[in-house]
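Enquirer: Just one file: start15.csv, with CSV, C-alpha atoms.
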```csv
chain,number,residue,atom,x,y,z
A,1,MET,CA,23.3,74.4,-27.6
A,2,ARG,CA,24.3,77.3,-25.3
A,3,ARG,CA,24.0,79.6,-28.4
A,4,VAL,CA,20.4,78.5,-28.6
A,5,PHE,CA,19.5,78.9,-24.9
A,6,ASN,CA,21.0,82.4,-24.7
A,7,THR,CA,19.1,84.0,-27.5
A,8,PRO,CA,16.4,86.5,-26.5
A,9,ASP,CA,13.8,84.7,-28.6
A,10,PHE,CA,14.4,81.4,-26.8
A,11,ARG,CA,14.1,83.1,-23.5
A,12,ALA,CA,11.0,85.0,-24.4
A,13,GLY,CA,9.4,81.8,-25.6
A,14,PHE,CA,10.3,80.0,-22.4
A,15,VAL,CA,9.0,82.8,-20.1
A,16,GLU,CA,5.8,83.4,-22.0
A,17,MET,CA,4.9,79.7,-21.7
A,18,LEU,CA,5.2,79.7,-17.9
A,19,PRO,CA,1.6,80.7,-17.1
A,20,ALA,CA,0.4,77.8,-19.3
A,21,CYS,CA,2.8,75.5,-17.5
A,22,LEU,CA,1.1,76.5,-14.3
A,23,GLY,CA,-2.3,75.9,-15.7
A,24,LEU,CA,-1.3,72.4,-16.9
A,25,ILE,CA,-0.1,71.3,-13.5
A,26,PRO,CA,-3.5,69.7,-12.5
A,27,PHE,CA,-3.5,67.8,-15.9
A,28,GLY,CA,0.0,66.6,-15.5
A,29,LEU,CA,-0.7,65.4,-11.9
A,30,VAL,CA,-3.7,63.4,-13.2
A,31,CYS,CA,-1.6,61.8,-15.9
A,32,GLY,CA,1.0,60.7,-13.2
A,33,VAL,CA,-1.8,59.3,-11.1
A,34,GLY,CA,-3.2,57.4,-14.1
A,35,ALA,CA,0.2,55.9,-14.9
A,36,ALA,CA,0.5,54.6,-11.3
A,37,ALA,CA,-3.0,53.2,-11.4
A,38,ALA,CA,-2.2,51.4,-14.6
A,39,GLY,CA,0.6,49.6,-12.7
A,40,ALA,CA,3.6,51.5,-14.2
A,41,ASP,CA,6.8,52.0,-12.3
A,42,LEU,CA,8.6,55.4,-12.2
A,43,LEU,CA,10.5,54.6,-15.4
A,44,GLY,CA,7.3,53.6,-17.1
A,45,ALA,CA,5.5,56.7,-15.9
A,46,LEU,CA,8.3,58.9,-17.1
A,47,GLY,CA,8.4,57.0,-20.4
A,48,MET,CA,4.8,58.0,-21.0
A,49,SER,CA,5.3,61.6,-20.1
A,50,ALA,CA,8.6,62.1,-21.9
A,51,ILE,CA,8.1,60.0,-25.0
A,52,ILE,CA,4.3,60.1,-25.7
A,53,PHE,CA,4.2,63.7,-24.4
A,54,SER,CA,0.5,64.2,-24.9
A,55,GLY,CA,-1.8,64.3,-21.8
A,56,ALA,CA,-4.9,63.1,-23.6
A,57,ALA,CA,-3.1,60.1,-25.0
A,58,GLN,CA,-1.4,59.3,-21.7
A,59,ILE,CA,-4.7,59.3,-19.8
A,60,LEU,CA,-6.4,57.2,-22.5
A,61,ALA,CA,-3.5,54.7,-22.6
A,62,SER,CA,-3.5,54.4,-18.8
A,63,GLN,CA,-7.2,53.8,-18.6
A,64,LEU,CA,-7.2,51.2,-21.4
A,65,LEU,CA,-4.2,49.4,-19.9
A,66,ALA,CA,-5.7,49.4,-16.4
A,67,ALA,CA,-8.9,47.9,-17.9
A,68,GLY,CA,-6.8,45.1,-19.5
A,69,ALA,CA,-7.4,46.2,-23.2
A,70,PRO,CA,-5.2,44.4,-25.8
A,71,VAL,CA,-2.0,46.3,-26.8
A,72,ALA,CA,-3.2,46.8,-30.4
A,73,VAL,CA,-6.4,48.5,-29.2
A,74,VAL,CA,-4.5,50.9,-26.9
A,75,ILE,CA,-2.1,51.8,-29.7
A,76,LEU,CA,-4.8,52.3,-32.3
A,77,THR,CA,-7.0,54.4,-30.0
A,78,CYS,CA,-4.1,56.7,-29.1
A,79,ALA,CA,-3.1,57.0,-32.8
A,80,VAL,CA,-6.6,58.2,-33.6
A,81,LEU,CA,-6.4,60.7,-30.8
A,82,GLY,CA,-3.1,61.9,-32.3
A,83,LEU,CA,-4.5,62.5,-35.8
A,84,ARG,CA,-4.8,66.2,-34.9
A,85,PHE,CA,-1.0,66.4,-34.9
A,86,LEU,CA,-1.2,65.9,-38.7
A,87,MET,CA,-3.2,69.1,-38.9
A,88,TYR,CA,-0.8,71.0,-36.6
A,89,SER,CA,2.1,69.6,-38.7
A,90,ALA,CA,0.5,70.8,-41.9
A,91,ALA,CA,-0.3,74.3,-40.5
A,92,MET,CA,3.3,74.6,-39.2
A,93,ALA,CA,4.9,73.4,-42.5
A,94,PRO,CA,4.9,76.7,-44.4
A,95,VAL,CA,6.6,78.7,-41.6
A,96,LEU,CA,9.3,76.0,-41.1
A,97,ARG,CA,10.2,75.5,-44.8
A,98,THR,CA,13.4,77.4,-44.8
A,99,LEU,CA,14.8,75.8,-41.6
A,100,SER,CA,17.2,72.9,-41.6
A,101,VAL,CA,16.1,69.3,-41.0
A,102,PRO,CA,17.4,69.1,-37.4
A,103,TRP,CA,15.4,72.2,-36.6
A,104,GLN,CA,12.3,70.7,-38.1
A,105,ARG,CA,12.8,67.5,-36.2
A,106,ALA,CA,13.2,69.3,-32.9
A,107,VAL,CA,10.1,71.5,-33.4
A,108,SER,CA,8.1,68.3,-34.4
A,109,PHE,CA,9.0,66.5,-31.2
A,110,LEU,CA,7.6,69.4,-29.1
A,111,LEU,CA,4.5,70.0,-31.2
A,112,THR,CA,1.6,69.9,-28.7
A,113,ASP,CA,-1.8,71.5,-28.6
A,114,GLN,CA,-0.6,74.3,-26.4
A,115,ALA,CA,2.8,74.9,-28.1
A,116,PHE,CA,1.2,74.9,-31.6
A,117,ALA,CA,-1.6,77.3,-30.8
A,118,ALA,CA,0.6,79.6,-28.8
A,119,SER,CA,3.3,79.8,-31.5
A,120,ILE,CA,1.6,79.7,-34.8
A,121,ARG,CA,0.7,83.4,-34.7
A,122,LYS,CA,4.2,84.3,-33.4
A,123,PHE,CA,5.8,82.8,-36.6
A,124,ASP,CA,3.7,85.2,-38.7
A,125,ALA,CA,4.5,88.1,-36.5
A,126,HIS,CA,8.3,87.4,-36.5
A,127,GLY,CA,8.7,87.2,-40.2
A,128,ASP,CA,12.1,85.5,-39.5
A,129,PRO,CA,11.5,81.7,-39.3
A,130,ARG,CA,14.6,81.2,-37.2
A,131,ALA,CA,13.5,83.6,-34.5
A,132,GLY,CA,10.0,82.0,-34.6
A,133,ALA,CA,11.6,78.5,-34.2
A,134,LEU,CA,13.8,79.7,-31.3
A,135,HIS,CA,10.6,81.2,-29.6
A,136,PHE,CA,8.8,77.9,-30.2
A,137,LEU,CA,11.7,75.9,-28.8
A,138,GLY,CA,11.8,77.9,-25.6
A,139,GLY,CA,8.1,77.5,-25.0
A,140,GLY,CA,8.2,73.8,-26.0
A,141,MET,CA,11.0,73.1,-23.6
A,142,ALA,CA,9.3,74.9,-20.8
A,143,LEU,CA,6.2,72.7,-21.4
A,144,TRP,CA,8.2,69.5,-21.7
A,145,GLY,CA,10.3,70.1,-18.6
A,146,SER,CA,7.4,71.1,-16.4
A,147,TRP,CA,5.3,68.3,-17.8
A,148,GLN,CA,7.8,65.7,-16.5
A,149,ILE,CA,7.8,67.3,-13.0
A,150,ASP,CA,4.0,67.4,-12.9
A,151,ASN,CA,3.8,63.7,-13.9
A,152,VAL,CA,6.4,62.5,-11.4
A,153,ILE,CA,4.7,64.4,-8.6
A,154,GLY,CA,1.4,62.9,-9.6
A,155,PHE,CA,3.0,59.4,-9.7
A,156,PHE,CA,4.4,59.7,-6.2
A,157,ALA,CA,1.9,61.9,-4.4
A,158,GLY,CA,-1.3,60.9,-6.0
A,159,ASN,CA,-4.1,63.4,-6.4
A,160,VAL,CA,-2.9,66.1,-4.0
A,161,ILE,CA,-5.4,68.7,-5.3
A,162,PRO,CA,-8.9,68.1,-3.9
A,163,SER,CA,-11.4,67.7,-6.8
A,164,ALA,CA,-13.7,70.2,-5.1
A,165,TRP,CA,-11.3,72.9,-6.0
A,166,SER,CA,-12.1,72.3,-9.7
A,167,LEU,CA,-8.5,73.1,-10.7
A,168,ASP,CA,-8.9,70.8,-13.7
A,169,PHE,CA,-10.8,73.8,-15.2
A,170,THR,CA,-7.4,75.6,-15.7
A,171,VAL,CA,-6.7,73.3,-18.7
A,172,PRO,CA,-9.7,74.5,-20.9
A,173,LEU,CA,-8.9,78.0,-19.6
A,174,CYS,CA,-5.4,77.8,-21.1
A,175,PHE,CA,-6.9,76.8,-24.4
A,176,ILE,CA,-9.6,79.6,-24.1
A,177,ALA,CA,-6.7,82.1,-23.7
A,178,LEU,CA,-5.4,80.9,-27.0
A,179,LEU,CA,-8.7,80.6,-28.8
A,180,ALA,CA,-10.3,84.0,-28.1
A,181,PRO,CA,-7.6,86.1,-29.9
A,182,THR,CA,-8.1,84.0,-33.1
A,183,LEU,CA,-11.8,84.9,-33.3
A,184,ARG,CA,-11.4,88.1,-35.2
A,185,GLY,CA,-13.6,88.2,-38.3
A,186,VAL,CA,-16.5,86.0,-39.4
A,187,PRO,CA,-14.7,82.9,-40.9
A,188,PRO,CA,-12.7,82.0,-37.8
A,189,ILE,CA,-15.9,82.3,-35.7
A,190,VAL,CA,-17.7,80.0,-38.1
A,191,ALA,CA,-14.8,77.5,-37.9
A,192,ALA,CA,-14.9,77.5,-34.1
A,193,MET,CA,-18.7,77.3,-33.7
A,194,THR,CA,-18.9,74.4,-36.3
A,195,ALA,CA,-16.2,72.5,-34.5
A,196,GLY,CA,-17.8,73.1,-31.1
A,197,VAL,CA,-21.2,71.9,-32.2
A,198,ALA,CA,-19.8,69.0,-34.1
A,199,VAL,CA,-17.6,67.7,-31.2
A,200,LEU,CA,-20.8,67.3,-29.1
A,201,ALA,CA,-23.0,66.1,-31.8
A,202,LEU,CA,-20.5,63.4,-32.8
A,203,ALA,CA,-19.7,62.4,-29.2
A,204,GLY,CA,-21.0,58.9,-29.9
A,205,LEU,CA,-18.2,58.1,-32.4
A,206,PRO,CA,-15.8,55.4,-31.2
A,207,MET,CA,-12.2,56.1,-30.2
A,208,ARG,CA,-12.7,59.8,-29.7
A,209,LEU,CA,-13.0,60.3,-33.4
A,210,ASN,CA,-15.3,63.2,-32.8
A,211,LEU,CA,-12.3,65.4,-31.9
A,212,VAL,CA,-10.5,65.1,-35.2
A,213,VAL,CA,-13.7,65.0,-37.3
A,214,ALA,CA,-15.0,68.1,-35.6
A,215,GLY,CA,-11.7,69.8,-36.2
A,216,ILE,CA,-11.9,69.0,-40.0
A,217,LEU,CA,-15.5,70.1,-40.2
A,218,GLY,CA,-14.6,73.4,-38.5
A,219,ILE,CA,-11.7,74.0,-40.9
A,220,LEU,CA,-13.9,73.3,-43.9
A,221,ALA,CA,-16.7,75.6,-42.6
A,222,GLY,CA,-14.2,78.4,-41.9
A,223,THR,CA,-12.7,78.1,-45.4
A,224,ALA,CA,-16.1,78.0,-47.0
A,225,ALA,CA,-17.1,81.1,-45.1
A,226,GLU,CA,-14.0,82.9,-46.3
A,227,LEU,CA,-14.5,81.9,-49.9
A,228,LEU,CA,-18.2,82.9,-49.8
A,229,ARG,CA,-17.4,86.2,-48.3
A,230,GLU,CA,-14.8,86.9,-51.1
A,231,ARG,CA,-17.3,86.0,-53.8
A,232,TRP,CA,-19.9,88.3,-52.1
A,233,LYS,CA,-17.5,91.2,-52.0
A,234,ALA,CA,-16.4,90.6,-55.6
A,235,ARG,CA,-20.0,91.1,-56.9
B,236,MET,CA,1.8,39.7,-22.3
B,237,GLU,CA,3.5,40.8,-19.1
B,238,GLY,CA,2.4,44.2,-17.7
B,239,ALA,CA,5.7,46.1,-17.9
B,240,LEU,CA,6.4,44.8,-21.4
B,241,LYS,CA,2.9,45.7,-22.5
B,242,LEU,CA,3.4,49.2,-21.1
B,243,TRP,CA,6.7,49.8,-22.9
B,244,VAL,CA,5.3,48.4,-26.2
B,245,VAL,CA,2.5,51.1,-25.9
B,246,ILE,CA,5.0,53.8,-24.9
B,247,LEU,CA,7.3,53.2,-27.9
B,248,ALA,CA,4.6,52.6,-30.4
B,249,VAL,CA,2.4,55.6,-29.4
B,250,GLY,CA,5.5,57.7,-29.1
B,251,ALA,CA,6.7,56.8,-32.6
B,252,ILE,CA,3.2,57.3,-34.1
B,253,ASN,CA,2.8,60.7,-32.4
B,254,TYR,CA,6.3,61.8,-33.5
B,255,ALA,CA,5.6,60.6,-37.1
B,256,SER,CA,2.3,62.5,-37.1
B,257,ARG,CA,3.9,65.7,-35.7
B,258,LEU,CA,6.7,65.5,-38.3
B,259,SER,CA,4.6,64.3,-41.3
B,260,PHE,CA,3.6,67.4,-43.2
B,261,ILE,CA,6.5,69.5,-41.9
B,262,ALA,CA,8.8,67.1,-43.7
B,263,PHE,CA,6.5,66.6,-46.6
B,264,PHE,CA,6.1,70.3,-47.5
B,265,ALA,CA,9.8,71.1,-46.8
B,266,ARG,CA,10.5,70.4,-50.4
B,267,ARG,CA,7.2,70.9,-52.0
B,268,THR,CA,4.9,73.9,-52.5
B,269,MET,CA,1.7,73.8,-50.6
B,270,PRO,CA,-1.5,74.3,-52.7
B,271,PRO,CA,-2.8,77.9,-52.0
B,272,LEU,CA,-6.3,76.7,-51.0
B,273,LEU,CA,-4.8,74.2,-48.4
B,274,ALA,CA,-2.6,77.0,-47.0
B,275,ARG,CA,-5.7,79.1,-46.5
B,276,ALA,CA,-7.7,76.3,-45.0
B,277,LEU,CA,-4.9,75.5,-42.5
B,278,ARG,CA,-5.3,79.0,-41.0
B,279,TYR,CA,-8.5,77.7,-39.4
B,280,VAL,CA,-6.8,74.8,-37.6
B,281,PRO,CA,-6.3,76.9,-34.4
B,282,PRO,CA,-9.9,78.1,-33.9
B,283,ALA,CA,-11.4,74.8,-34.9
B,284,MET,CA,-9.2,72.5,-33.0
B,285,LEU,CA,-9.1,74.6,-29.9
B,286,MET,CA,-12.9,74.8,-29.7
B,287,ALA,CA,-13.1,71.1,-30.3
B,288,LEU,CA,-10.8,70.5,-27.3
B,289,ILE,CA,-12.4,73.1,-25.1
B,290,VAL,CA,-16.1,72.2,-25.4
B,291,PRO,CA,-16.0,68.6,-24.0
B,292,MET,CA,-13.8,69.8,-21.1
B,293,VAL,CA,-16.4,72.5,-20.2
B,294,ILE,CA,-19.6,70.7,-20.9
B,295,ILE,CA,-19.2,66.9,-20.4
B,296,PRO,CA,-17.8,66.7,-16.8
B,297,ALA,CA,-21.0,68.1,-15.3
B,298,ALA,CA,-23.4,66.0,-17.3
B,299,GLY,CA,-25.9,64.3,-15.0
B,300,ILE,CA,-24.1,65.6,-11.9
B,301,GLU,CA,-25.5,69.2,-11.6
B,302,ALA,CA,-28.6,70.6,-13.3
B,303,ILE,CA,-26.8,73.9,-13.9
B,304,ASN,CA,-23.3,73.8,-15.1
B,305,PRO,CA,-21.3,76.8,-13.7
B,306,ARG,CA,-18.4,75.9,-16.1
B,307,ILE,CA,-20.3,77.3,-19.1
B,308,PRO,CA,-20.8,80.9,-17.8
B,309,ALA,CA,-17.3,80.8,-16.3
B,310,ALA,CA,-15.8,79.8,-19.6
B,311,ILE,CA,-17.7,82.6,-21.4
B,312,ILE,CA,-16.4,85.2,-18.8
B,313,ALA,CA,-12.8,83.8,-19.3
B,314,GLY,CA,-13.3,84.1,-23.0
B,315,ALA,CA,-14.2,87.8,-22.7
B,316,VAL,CA,-11.1,88.4,-20.6
B,317,ALA,CA,-8.9,86.5,-23.0
B,318,TRP,CA,-10.3,88.4,-25.9
B,319,ARG,CA,-9.5,91.7,-24.3
B,320,THR,CA,-6.2,90.9,-22.5
B,321,ARG,CA,-4.7,88.0,-24.6
B,322,SER,CA,-3.2,87.0,-21.3
B,323,THR,CA,-3.1,83.3,-20.2
B,324,LEU,CA,-2.6,84.3,-16.5
B,325,LYS,CA,-5.5,86.8,-16.4
B,326,THR,CA,-7.8,84.4,-18.3
B,327,MET,CA,-7.0,81.6,-15.7
B,328,PHE,CA,-7.6,83.9,-12.7
B,329,ALA,CA,-10.8,85.3,-14.2
B,330,GLY,CA,-12.1,81.9,-15.1
B,331,MET,CA,-11.3,80.2,-11.8
B,332,ALA,CA,-12.7,83.2,-9.8
B,333,ALA,CA,-15.9,83.1,-11.8
B,334,LEU,CA,-16.2,79.3,-11.4
B,335,TRP,CA,-15.7,79.4,-7.6
B,336,LEU,CA,-18.2,82.3,-7.2
B,337,LEU,CA,-20.8,80.5,-9.3
B,338,GLN,CA,-20.2,77.2,-7.4
B,339,ALA,CA,-20.6,79.0,-4.0
B,340,PHE,CA,-23.7,80.7,-5.2
B,341,LEU,CA,-25.2,77.5,-6.5
B,342,ALA,CA,-24.3,75.7,-3.2
B,343,ARG,CA,-26.3,78.4,-1.3
B,344,LEU,CA,-29.3,77.9,-3.5
B,345,GLY,CA,-28.7,74.2,-3.2
```
Since I need it in another form, could you write the structure as structure tokens?
Expert:
Amino acid sequence: MRRVFNTPDFRAGFVEMLPACLGLIPFGLVCGVGAAAAGADLLGALGMSAIIFSGAAQILASQLLAAGAPVAVVILTCAVLGLRFLMYSAAMAPVLRTLSVPWQRAVSFLLTDQAFAASIRKFDAHGDPRAGALHFLGGGMALWGSWQIDNVIGFFAGNVIPSAWSLDFTVPLCFIALLAPTLRGVPPIVAAMTAGVAVLALAGLPMRLNLVVAGILGILAGTAAELLRERWKAR
Amino acid sequence: MEGALKLWVVILAVGAINYASRLSFIAFFARRTMPPLLARALRYVPPAMLMALIVPMVIIPAAGIEAINPRIPAAIIAGAVAWRTRSTLKTMFAGMAALWLLQAFLARLG
């Protein structure tokens, strides 16, 4: 373990994730508040943040439980929301191929929106999958650790940040910081624009299905744009 | 079902499903070759999913509350800063500063 924590790649990953950890504080607080409102005790609130480890799913589960929804409905709705992890898993698969099974399991546990988007380019840049995995692990652990602290503070202190400060806006800002550098060239822009329009157009779908469907449509549109452009150039 | 039991059933089930989803294709493609077209398509997961996550957070909170949503121009300004700097910290500072200035300006007009 110490051999892992002392590597420069692990440390770099940890330090580079700290700004995002800062930006996710308001989100983590809200999740802790939600768990308390749903009637969870401290252990239950920590169970949500440590085991589910997905802010969107935690908030959704808290809201549904507080509203008295049946357990099966809560589980199914959260599972639908988690379908995007299948896509992250598939996108990470090629860079993790050569790693051992324990490494793959560790990375999988920490695979969140933020960790995935922040690290996927790093893997390509590193060339060495083990260095990439160490980097990912550092960032993932920074996120996981700070997430537990945010949730516990939210659970005890309630919403300490006045909503007039609009600090919830730091969450999309974290994602914007990851999105903008990916928009180089036409196909990624087509993918993003399609997904952005689709997520609004499909907002009426039940169980937040619009998120994953918009993601798939964006991926298809981006791929189609790439293939079309290739054909165009070949002519 | 009693409240605490209900909560723990949800935690363990959703935790297990999330973990299975996260591990799924990493485990599946560990021993198999990925079709080249799928590998190409998966490069669009970050732009597509990030935009799908961002848009509702920027646009929906203001629906029906304010006529002009200052989050949209603030997000665009943050996007420009992110594109140039690739820095999460600078993007957050720029985005929050833009949002607060626009909110103060709109409050004046109010």
Enquirer: Based on all atoms listed in the file, which of the residues in chain A come within 7 Å of chain B? I want them as a VMD selection string.
Expert: chain A and resid 19 to 20 40 44 47 to 48 51 to 52 71 75 78 to 79 82 to 83 85 to 87 89 to 93 97 105 108 to 109 111 117 170 172 to 177 179 to 182 188 191 to 192 195 to 196 199 211 214 to 215 218 to 220 222 to 223
Enquirer: For the atom pair CA of Leu24 in chain A and CA of Val160 in chain A, what is the interatomic distance in Å to one decimal place?
Expert: 14.4 Å
Enquirer: Suppose you want the space between CA of Ala38 in chain A and CA of Leu65 in chain A; what is it in Å?
Expert: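 Computing the Euclidean distance for CA of Ala38 in chain A and CA of Leu65 in chain A yields 6.0 Å.
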Enquirer: Interatomic distance between CA of Arg229 in chain A and CA of Pro187 in chain A?
Expert: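 Distance between the two atoms: 8.5 Å.
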Enquirer: From the list A:Leu228, A:Val95, A:Met207, A:Ala125, which residue is nearest Leu76 in chain A when using only C-alpha atoms?
Expert: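 Residue with the minimum atom-to-atom distance to Leu76 in chain A: A:Met207.
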Enquirer: Tell me which protein, DNA and RNA residues are within 12 Å of Ala12 in chain A, counting all atoms listed in the file, leaving out same-chain ones fewer than 5 positions away, and put them as a ChimeraX atom specification.
Expert: /A:5-7,17-18,119,122,131-142
Enquirer: Restrict the output to range 252-299 of chain B and C-alpha atoms, then write it as a JSON list (two decimals), in the first residue's frame.
Expert:
```
[["chain", "number", "residue", "atom", "x", "y", "z"],
["B", 252, "ILE", "CA", -25.54, -2.30, -8.96],
["B", 253, "ASN", "CA", -23.33, 0.79, -9.30],
["B", 254, "TYR", "CA", -20.20, -1.26, -8.69],
["B", 255, "ALA", "CA", -21.31, -3.93, -11.17],
["B", 256, "SER", "CA", -21.96, -1.20, -13.79],
["B", 257, "ARG", "CA", -18.57, 0.38, -13.15],
["B", 258, "LEU", "CA", -16.75, -2.97, -13.40],
["B", 259, "SER", "CA", -18.86, -4.45, -16.24],
["B", 260, "PHE", "CA", -16.97, -3.67, -19.43],
["B", 261, "ILE", "CA", -13.61, -3.29, -17.73],
["B", 262, "ALA", "CA", -13.91, -6.97, -16.75],
["B", 263, "PHE", "CA", -15.57, -7.98, -20.03],
["B", 264, "PHE", "CA", -12.93, -6.52, -22.33],
["B", 265, "ALA", "CA", -10.00, -7.58, -20.14],
["B", 266, "ARG", "CA", -9.81, -10.85, -22.09],
["B", 267, "ARG", "CA", -11.52, -9.91, -25.32],
["B", 268, "THR", "CA", -10.60, -7.54, -28.14],
["B", 269, "MET", "CA", -12.86, -4.55, -28.55],
["B", 270, "PRO", "CA", -14.36, -4.05, -32.03],
["B", 271, "PRO", "CA", -12.50, -1.09, -33.60],
["B", 272, "LEU", "CA", -15.70, 0.84, -34.35],
["B", 273, "LEU", "CA", -16.82, 0.58, -30.70],
["B", 274, "ALA", "CA", -13.41, 1.78, -29.53],
["B", 275, "ARG", "CA", -13.75, 4.83, -31.80],
["B", 276, "ALA", "CA", -17.30, 5.54, -30.63],
["B", 277, "LEU", "CA", -16.25, 5.39, -26.99],
["B", 278, "ARG", "CA", -13.92, 8.35, -27.49],
["B", 279, "TYR", "CA", -17.09, 10.48, -27.62],
["B", 280, "VAL", "CA", -18.27, 9.38, -24.17],
["B", 281, "PRO", "CA", -16.58, 12.35, -22.39],
["B", 282, "PRO", "CA", -17.94, 15.20, -24.56],
["B", 283, "ALA", "CA", -21.42, 13.66, -24.83],
["B", 284, "MET", "CA", -21.92, 12.64, -21.19],
["B", 285, "LEU", "CA", -20.36, 15.79, -19.73],
["B", 286, "MET", "CA", -22.64, 18.00, -21.83],
["B", 287, "ALA", "CA", -25.66, 15.86, -20.86],
["B", 288, "LEU", "CA", -24.75, 16.37, -17.19],
["B", 289, "ILE", "CA", -23.97, 20.09, -17.49],
["B", 290, "VAL", "CA", -26.98, 21.35, -19.46],
["B", 291, "PRO", "CA", -29.71, 20.47, -16.91],
["B", 292, "MET", "CA", -27.62, 21.95, -14.07],
["B", 293, "VAL", "CA", -27.23, 25.23, -15.95],
["B", 294, "ILE", "CA", -30.66, 25.59, -17.50],
["B", 295, "ILE", "CA", -33.33, 23.87, -15.38],
["B", 296, "PRO", "CA", -32.78, 25.46, -11.92],
["B", 297, "ALA", "CA", -33.87, 28.86, -13.20],
["B", 298, "ALA", "CA", -36.91, 27.69, -15.13],
["B", 299, "GLY", "CA", -39.90, 29.78, -14.11]]
```
